[in-house]
Amino acid sequence: MQTIKNYVAQNKQRFLDELFELLRFPSVSADPAYKTEVLKTADFVAQKLTDAGADKVEVCPTAGYPIVYGEKIIDPAKPTVLVYGHYDVQPADPLELWHTPPFEPTLRDEKIYARGACDDKGQFYMHVKAFELMMQTDTLPCNIKFMIEGEEEVGSNNLGLFVEANKQKLKSDVVLISDTSMLSMENPSLETGLRGLSYLEVEVVGPNRDLHSGVYGGAVANPATILCQLIASLHDEHNHITIPGFYDDVLPLSEADRAALNKAPFDLEDYKKDLGVNDVWGEKGYTTLERTGTRPTLEVNGIWGGYTGEGAKTVLPSKASAKISMRLVPNQQSDKITQLFTEHFQKIAPSYVKVKVSAHHGGEPVVTPTDSVAYRAAQKAISESFGKEPIPTRGGGSIPIVALFEKELGIKTVLMGFGLDSDNLHSPNEKYDLANYYKGIETIPLFHKYFAELSK
Ligand code: BES
Ligand code: MN
Ligand code: MN
């Protein structure tokens, strides 16, 4: 631990400067306007892997953005860790709410503010620096492979094909990912599950053109009103989702599992205060931790239609739309849920409008094992660097590729995230605490050490 700490202390400023360089690339995968920048980011990541000591570094083309691959095989007989991360980021909008520009990383109160600071540039780059540390101090105890993709935030559509086509290359004993949250620096934790996702877009179409809302209003259905009614009907008075069959495949949690989950330190008052809400909301009969970690949900991510510009315009819009996502839990299946939603939404549409439903991306939920060598290695690593046993938690977010690694490669994942839920992921003023960045770089070599030791 002393060697690790010394190396980090000696290279602190450079580790930060390099992360800042990475954060300056606006690698927004959702917006084609950033294409050149996303491609440059991939090259930068490849260069940094080479500099850190990786062999066979490749920028592998896909039908979308490339996947950066690199490896260091010290001995084929030793265990292999596959590190996954993503160099793409979410769009920075709404720009006006950022205190400093999203792609000009800024240090304030010991926190790095930038889009991607936590999700996931700050987190995957810890692995690159931890790898450098192990190479420089001659302490890499196992083989390591890196797979850093550029389309996570848009559904990883091309990663599945890459994984399928490169099974031998990606062969390893465990997937290690830092792209999730922990409870706090005082209460380190390890996520042991991720929710799945079904993402759709709906459009309600009324009259064949926008109408004067005085001339026609009251006589023709307003698609915006109907869309709101349809969306409102998707939850009942207990905030259960009303789509028939939606809960059919949900595996109930045992009372013991529920009790264990609710033991995690969680202060509802702090939670409300942090979010500026007077009360929380959710499915009746479940706690906040259960609602985000273990229950499926349906959310409106965006809704539009009619006039939304400055001032007033009297108009009865011809169309209204919404982007809807459903978070899924074991053993729900994304395709099935997408189909159930589509059928239901078509069915509840009244005769005076037409509805169109189109599917975006999806992903399957996962639960990661807590009795594996790799999980125990993560536990030991965190215990040593934080001085406290990590608490197992269930995360509410999704990383669809985790289920795919299991299906295609037969490899389980360890989710060793160092972010905080309050890091403003996908939101203005995303941040990552310096302390978490450096702590991550210190903890990762310990994971490799214990993984190699416990695998013997
Ligand atoms: N890193 C997040 C997922 C995450 C965040 C998991 C915090 C657990 C805790 C990831 O980049 C992400 O945002 N995933 C998307 C899904 C994707 C298909 C767009 C999500 O969860 O919305
Ligand atoms: Mn992420
Ligand atoms: Mn994300």
# chains A, B, ... in the order shown; residues from 1 in each chain; ligands from 1
>>> closest_atom_pairs(of="chain A", to="ligand 2", cutoff="8 Å", atoms="only C-alpha atoms and all ligand atoms", output="CSV")
residue,atom,partner,partner_atom_place_in_ligand_line,distance
A:Gly85,CA,ligand 2,1 (Mn),7.4
A:His86,CA,ligand 2,1 (Mn),6.6
A:Val89,CA,ligand 2,1 (Mn),7.8
A:Cys118,CA,ligand 2,1 (Mn),8.0
A:Asp119,CA,ligand 2,1 (Mn),4.5
A:Asp120,CA,ligand 2,1 (Mn),4.8
A:Glu152,CA,ligand 2,1 (Mn),6.9
A:Glu153,CA,ligand 2,1 (Mn),7.0
A:Asp179,CA,ligand 2,1 (Mn),4.9
A:Thr180,CA,ligand 2,1 (Mn),7.0
A:Ile399,CA,ligand 2,1 (Mn),7.2
>>> closest_atom_pairs(of="chain A", to="ligand 3", cutoff="12 Å", atoms="only C-alpha atoms and all ligand atoms", output="tab-separated table")
residue	atom	partner	partner_atom_place_in_ligand_line	distance
A:Val28	CA	ligand 3	1 (Mn)	11.0
A:Ser29	CA	ligand 3	1 (Mn)	11.1
A:Ala30	CA	ligand 3	1 (Mn)	11.6
A:Gly85	CA	ligand 3	1 (Mn)	10.7
A:His86	CA	ligand 3	1 (Mn)	8.9
A:Tyr87	CA	ligand 3	1 (Mn)	10.4
A:Asp88	CA	ligand 3	1 (Mn)	8.7
A:Val89	CA	ligand 3	1 (Mn)	6.8
A:Gln90	CA	ligand 3	1 (Mn)	6.4
A:Pro91	CA	ligand 3	1 (Mn)	10.1
A:Ala92	CA	ligand 3	1 (Mn)	11.7
A:Arg115	CA	ligand 3	1 (Mn)	10.2
A:Gly116	CA	ligand 3	1 (Mn)	8.3
A:Ala117	CA	ligand 3	1 (Mn)	10.9
A:Cys118	CA	ligand 3	1 (Mn)	9.0
A:Asp119	CA	ligand 3	1 (Mn)	5.5
A:Asp120	CA	ligand 3	1 (Mn)	7.1
A:Lys121	CA	ligand 3	1 (Mn)	10.4
A:Gln123	CA	ligand 3	1 (Mn)	11.6
A:Gly150	CA	ligand 3	1 (Mn)	11.5
A:Glu151	CA	ligand 3	1 (Mn)	10.2
A:Glu152	CA	ligand 3	1 (Mn)	7.3
A:Glu153	CA	ligand 3	1 (Mn)	5.4
A:Val154	CA	ligand 3	1 (Mn)	9.0
A:Gly155	CA	ligand 3	1 (Mn)	10.0
A:Ser156	CA	ligand 3	1 (Mn)	11.4
A:Ser178	CA	ligand 3	1 (Mn)	11.8
A:Asp179	CA	ligand 3	1 (Mn)	8.1
A:Thr180	CA	ligand 3	1 (Mn)	9.2
A:Ser181	CA	ligand 3	1 (Mn)	11.4
A:Gly396	CA	ligand 3	1 (Mn)	11.9
A:Gly397	CA	ligand 3	1 (Mn)	8.4
A:Ser398	CA	ligand 3	1 (Mn)	8.4
A:Ile399	CA	ligand 3	1 (Mn)	8.4
A:Pro400	CA	ligand 3	1 (Mn)	11.2
A:Gly419	CA	ligand 3	1 (Mn)	11.6
A:Asp421	CA	ligand 3	1 (Mn)	11.8
A:Asp423	CA	ligand 3	1 (Mn)	11.4
A:Asn424	CA	ligand 3	1 (Mn)	10.3
A:Leu425	CA	ligand 3	1 (Mn)	6.5
A:His426	CA	ligand 3	1 (Mn)	6.2
A:Ser427	CA	ligand 3	1 (Mn)	9.9
A:Glu430	CA	ligand 3	1 (Mn)	10.9
>>> atom_distance(atom1="atom CA of Ile241 of chain A", atom2="atom CA of Thr297 of chain A")
7.4 Å
>>> closest_residue(among="A:Glu201, A:Glu149, A:Asp249, A:Glu389", to="ligand 1", atoms="only C-alpha atoms and all ligand atoms")
A:Glu149
>>> residues_around(residues="Ile444 of chain A", least_positions_apart="5", cutoff="8 Å", atoms="only C-alpha atoms", output="mmCIF file with C-alpha atoms, in the first residue's frame")
data_model
loop_
_atom_site.group_PDB
_atom_site.id
_atom_site.type_symbol
_atom_site.label_atom_id
_atom_site.label_comp_id
_atom_site.auth_asym_id
_atom_site.auth_seq_id
_atom_site.Cartn_x
_atom_site.Cartn_y
_atom_site.Cartn_z
ATOM 1 C CA MET A 126 -8.445 5.699 -12.938
ATOM 2 C CA HIS A 127 -7.914 2.238 -14.428
ATOM 3 C CA ALA A 130 -3.663 2.327 -11.930
ATOM 4 C CA ALA A 381 -9.311 -3.895 -1.836
#
>>> closest_residue(among="A:Ala378, A:Leu340, A:Val83, A:Met416", to="ligand 1", atoms="only C-alpha atoms and all ligand atoms")
A:Met416
>>> residues_around(residues="Ser189 of chain A", least_positions_apart="6", cutoff="10 Å", atoms="only C-alpha atoms", output="PyMOL selection string")
chain A and resi 181-183+264+379+382-383+388-394+415-418
>>> residues_around(residues="Gly395 of chain A", least_positions_apart="6", cutoff="9 Å", atoms="only C-alpha atoms", output="JSON, numbers by chain")
{"A": [180, 181, 191, 192, 193, 194, 195, 289, 292, 293, 294]}
>>> closest_residue(among="A:Val366, A:Glu442, A:Leu197, A:Ala359", to="ligand 1", atoms="only C-alpha atoms and all ligand atoms")
A:Leu197
>>> closest_residue(among="A:Phe15, A:Tyr199, A:Tyr69, A:Tyr125", to="ligand 1", atoms="only C-alpha atoms and all ligand atoms")
A:Tyr199
